[in-house]
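K.L.:
Submitted below is the structure of interest, expressed as structure tokens.
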Amino acid sequence: MEKKRTLLNRLISYFGGLFIVTIGIAISVQSDLGVSPLSAIPYTLTCCWGIEMGKATILFHCVLVLLQILILRKNFKLKLLLQVPVGIVFGYFTTFCNYLVTLLPTTENMVIRICLALISTVFVAIGIFFYLPADIMPLAGEGIMQAVADTTKIDFSKVKVASDIIMVLISLVTCLIVLHSIGSVGIGTIIAAILTGVVLGQITKFWERHAR
């Protein structure tokens, strides 16, 4: 019974955290200043070809799982296929949260838009704080980074930095070619890349300090 309760708590923390992350993503979209590196490619698909962002997110996750299979080959574990249904849930969360933020008034005021980008970073960090420790299943974005790290023996942190840069560059080049604008990349992308880890660290320290 205790194990079931513990698993239930982990699942609530996991999916609750994922939902909070998608709120942050939706707010970053609303700011129109660029999204976080991991969301850059799905949002690029939305900007360039009109694919609804939730569906683009699901497609992106499926592609990342396929890449993990190609990278890991015989070392690929079947349980990692669970990243696909997790990606589907994440995609539907994204669709729902994008709908919710459309209820907010739009603005051209740069100060307010930067505030939205900062708020989105806080939401993403809070979401990560809840879903990561639950240790259920990584998102496909983290899964591909771990696969590369395991295969190349390069530190995960270095792989993450390189992965974020590559995804931003792919998005930037695609938007420049198709839209002749920077599209999904902007100051909000830089804010997310720099501050998410910092905010997550502060949240973790605050929790450890007050949970005693």
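Following the order of the structure tokens, first chain is A, next is B, and so on, with residues numbered from 1 inside each chain and ligands from 1 in the order they appear.
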Each residue of region 104-184 of chain A lying at most 6 Å from region 37-52 of chain A should get a row with its shortest atom-to-atom pair and the distance in Å to one decimal, counting only C-alpha atoms; could you produce that, ordered by chain and increasing number, as a tab-separated table?
P.N.:
```
residue	atom	partner	partner_atom	distance
A:Asp164	CA	A:Pro37	CA	5.3
A:Val168	CA	A:Pro37	CA	5.6
A:Ser171	CA	A:Ile41	CA	5.5
A:Ser184	CA	A:Thr44	CA	5.6
```
K.L.:
Just the residues within 12 Å of Met110 (chain A), please, counting only C-alpha atoms, with nothing from its chain fewer than 2 positions along; format it as a PyMOL selection string.
P.N.:
chain A and resi 31-33+106-108+112-117+187-188
K.L.:
Determine, counting only C-alpha atoms, which protein, DNA and RNA residues have an atom within 9 Å of an atom of Tyr14 (chain A); residues of the same chain fewer than 5 positions away are not included. Present the result as a ChimeraX atom specification.
P.N.:
/A:9,19,127-128,130-137
K.L.:
Pull N, CA, C and O atoms from the residues just selected and write them as a compact mmCIF listing (two decimals), in the first residue's frame.
P.N.:
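New file part09.txt:
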```txt
# COMPACT_ATOMS: atom_id res chain seq x y z
N ASN A 9 2.24 9.44 -5.70
CA ASN A 9 2.81 10.77 -5.43
C ASN A 9 3.82 11.14 -6.50
O ASN A 9 3.88 12.30 -6.95
N PHE A 19 3.07 19.57 -16.73
CA PHE A 19 2.02 20.55 -17.05
C PHE A 19 2.50 21.96 -16.76
O PHE A 19 2.27 22.89 -17.55
N GLY A 127 8.45 23.57 -12.97
CA GLY A 127 8.01 22.30 -13.55
C GLY A 127 9.11 21.26 -13.51
O GLY A 127 8.87 20.09 -13.14
N ILE A 128 10.32 21.66 -13.89
CA ILE A 128 11.46 20.74 -13.86
C ILE A 128 11.73 20.27 -12.43
O ILE A 128 12.02 19.10 -12.19
N PHE A 130 9.66 19.71 -10.13
CA PHE A 130 8.71 18.68 -9.71
C PHE A 130 8.84 17.38 -10.52
O PHE A 130 8.78 16.29 -9.95
N TYR A 131 9.02 17.49 -11.85
CA TYR A 131 8.95 16.26 -12.64
C TYR A 131 10.26 15.49 -12.67
O TYR A 131 10.27 14.25 -12.75
N LEU A 132 11.41 16.18 -12.57
CA LEU A 132 12.69 15.49 -12.68
C LEU A 132 12.96 14.54 -11.50
O LEU A 132 13.32 13.38 -11.72
N PRO A 133 12.78 15.00 -10.23
CA PRO A 133 13.04 14.09 -9.10
C PRO A 133 12.09 12.89 -9.05
O PRO A 133 12.41 11.89 -8.39
N ALA A 134 10.93 12.99 -9.71
CA ALA A 134 9.99 11.87 -9.71
C ALA A 134 10.60 10.63 -10.36
O ALA A 134 10.21 9.50 -10.08
N ASP A 135 11.57 10.85 -11.25
CA ASP A 135 12.34 9.77 -11.87
C ASP A 135 11.42 8.72 -12.52
O ASP A 135 11.57 7.51 -12.29
N ILE A 136 10.48 9.18 -13.32
CA ILE A 136 9.57 8.27 -14.02
C ILE A 136 10.12 7.93 -15.41
O ILE A 136 10.45 6.79 -15.71
N MET A 137 10.22 8.95 -16.25
CA MET A 137 10.74 8.77 -17.61
C MET A 137 11.17 10.14 -18.14
O MET A 137 10.40 11.09 -18.07
```
K.L.:
Going by DSSP on the backbone, which residues of region 15-208 of chain A come out as alpha helix (DSSP H)? List them as a VMD selection string.
P.N.:
chain A and resid 15 to 31 37 to 49 53 to 72 83 to 101 110 to 131 140 to 152 156 to 178 187 to 208
K.L.:
Which residue out of A:Val86, A:Val124, A:Ile203, A:Ile177 has the minimum interatomic distance to Val21 (chain A) when only C-alpha atoms are used?
P.N.:
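Residue with the minimum atom-to-atom distance to Val21 (chain A): A:Val124.
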K.L.:
Restrict the calculation to only C-alpha atoms, then for each residue of region 42-82 of chain A with any atom at most 9 Å from an atom of region 139-144 of chain A give the closest atom pair and their distance in Å to one decimal, rows by chain and rising residue number, as a Markdown table.
P.N.:
```
| residue | atom | partner | partner_atom | distance |
| --- | --- | --- | --- | --- |
| A:Phe60 | CA | A:Ala140 | CA | 8.6 |
| A:His61 | CA | A:Ala140 | CA | 5.4 |
| A:Cys62 | CA | A:Ala140 | CA | 7.8 |
| A:Val63 | CA | A:Ala140 | CA | 8.8 |
| A:Leu64 | CA | A:Ala140 | CA | 5.8 |
| A:Val65 | CA | A:Ala140 | CA | 6.1 |
| A:Leu67 | CA | A:Ile144 | CA | 7.2 |
| A:Gln68 | CA | A:Ile144 | CA | 5.6 |
| A:Ile71 | CA | A:Ile144 | CA | 8.6 |
| A:Leu80 | CA | A:Gly143 | CA | 8.1 |
```
K.L.:
Grab the residues selected above and save them as a PDB file, in the first residue's frame with N, CA and C atoms.
P.N.:
```pdb
ATOM      1  N   PHE A  60       8.060  15.887 -32.904  1.00  0.00           N
ATOM      2  CA  PHE A  60       9.459  16.113 -32.528  1.00  0.00           C
ATOM      3  C   PHE A  60       9.931  15.054 -31.542  1.00  0.00           C
ATOM      4  N   HIS A  61       9.098  14.723 -30.553  1.00  0.00           N
ATOM      5  CA  HIS A  61       9.456  13.703 -29.575  1.00  0.00           C
ATOM      6  C   HIS A  61       9.625  12.332 -30.234  1.00  0.00           C
ATOM      7  N   CYS A  62       8.745  12.014 -31.172  1.00  0.00           N
ATOM      8  CA  CYS A  62       8.843  10.727 -31.872  1.00  0.00           C
ATOM      9  C   CYS A  62      10.147  10.635 -32.671  1.00  0.00           C
ATOM     10  N   VAL A  63      10.521  11.733 -33.324  1.00  0.00           N
ATOM     11  CA  VAL A  63      11.775  11.768 -34.082  1.00  0.00           C
ATOM     12  C   VAL A  63      12.969  11.589 -33.153  1.00  0.00           C
ATOM     13  N   LEU A  64      12.926  12.218 -31.981  1.00  0.00           N
ATOM     14  CA  LEU A  64      14.024  12.106 -31.025  1.00  0.00           C
ATOM     15  C   LEU A  64      14.162  10.679 -30.492  1.00  0.00           C
ATOM     16  N   VAL A  65      13.036   9.993 -30.289  1.00  0.00           N
ATOM     17  CA  VAL A  65      13.085   8.595 -29.852  1.00  0.00           C
ATOM     18  C   VAL A  65      13.696   7.731 -30.950  1.00  0.00           C
ATOM     19  N   LEU A  67      15.846   8.699 -33.165  1.00  0.00           N
ATOM     20  CA  LEU A  67      17.282   8.992 -33.163  1.00  0.00           C
ATOM     21  C   LEU A  67      17.995   8.243 -32.034  1.00  0.00           C
ATOM     22  N   GLN A  68      17.328   8.117 -30.889  1.00  0.00           N
ATOM     23  CA  GLN A  68      17.923   7.357 -29.787  1.00  0.00           C
ATOM     24  C   GLN A  68      18.132   5.899 -30.182  1.00  0.00           C
ATOM     25  N   ILE A  71      21.141   5.756 -32.400  1.00  0.00           N
ATOM     26  CA  ILE A  71      22.389   6.023 -31.689  1.00  0.00           C
ATOM     27  C   ILE A  71      22.766   4.863 -30.767  1.00  0.00           C
ATOM     28  N   LEU A  80      12.433   2.764 -22.921  1.00  0.00           N
ATOM     29  CA  LEU A  80      12.600   4.135 -23.413  1.00  0.00           C
ATOM     30  C   LEU A  80      11.529   4.501 -24.437  1.00  0.00           C
TER      31      LEU A  80
END
```
K.L.:
Which of these residues is nearest to Phe129 (chain A), using only C-alpha atoms: A:Leu81, A:Ala149, A:Ile20, A:Val101?
P.N.:
A:Ile20
K.L.:
What lies within 10 Å of Gly197 (chain A) using only C-alpha atoms, ignoring chain neighbours under 3 positions off, as an MDAnalysis selection string?
P.N.:
chainID A and resid 121:122 124:125 128 192:194 200:203
K.L.:
I'd like to know which of A:Ala147, A:Leu18, A:Gly91, A:Met167 is closest to Leu66 (chain A), using only C-alpha atoms.
P.N.:
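Using only C-alpha atoms, Leu66 (chain A) sits closest to A:Ala147.
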K.L.:
Using only C-alpha atoms, find the one residue out of A:Leu104, A:Ile182, A:Val199, A:Ile25 that sits nearest to Ser120 (chain A).
P.N.:
A:Ile25
K.L.:
Let me make sure I understand: among A:Val185, A:Ile126, A:Leu59, A:Leu169, which one has the smallest atom-to-atom distance to Phe206 (chain A) if we use only C-alpha atoms?
P.N.:
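Going through A:Val185, A:Ile126, A:Leu59, A:Leu169 one by one, the smallest distance to Phe206 (chain A) is for A:Ile126.
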K.L.:
Between A:Phe156, A:Phe76, A:Phe15, A:Phe123, which one has atoms that come closest to Phe93 (chain A), using only C-alpha atoms?
P.N.:
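Going through A:Phe156, A:Phe76, A:Phe15, A:Phe123 one by one, the smallest distance to Phe93 (chain A) is for A:Phe15.
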K.L.:
Please indicate the distance in Å from CA of Gly16 (chain A) to CA of Tyr92 (chain A), rounded to one decimal place.
P.N.:
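So the answer is 13.4 Å.
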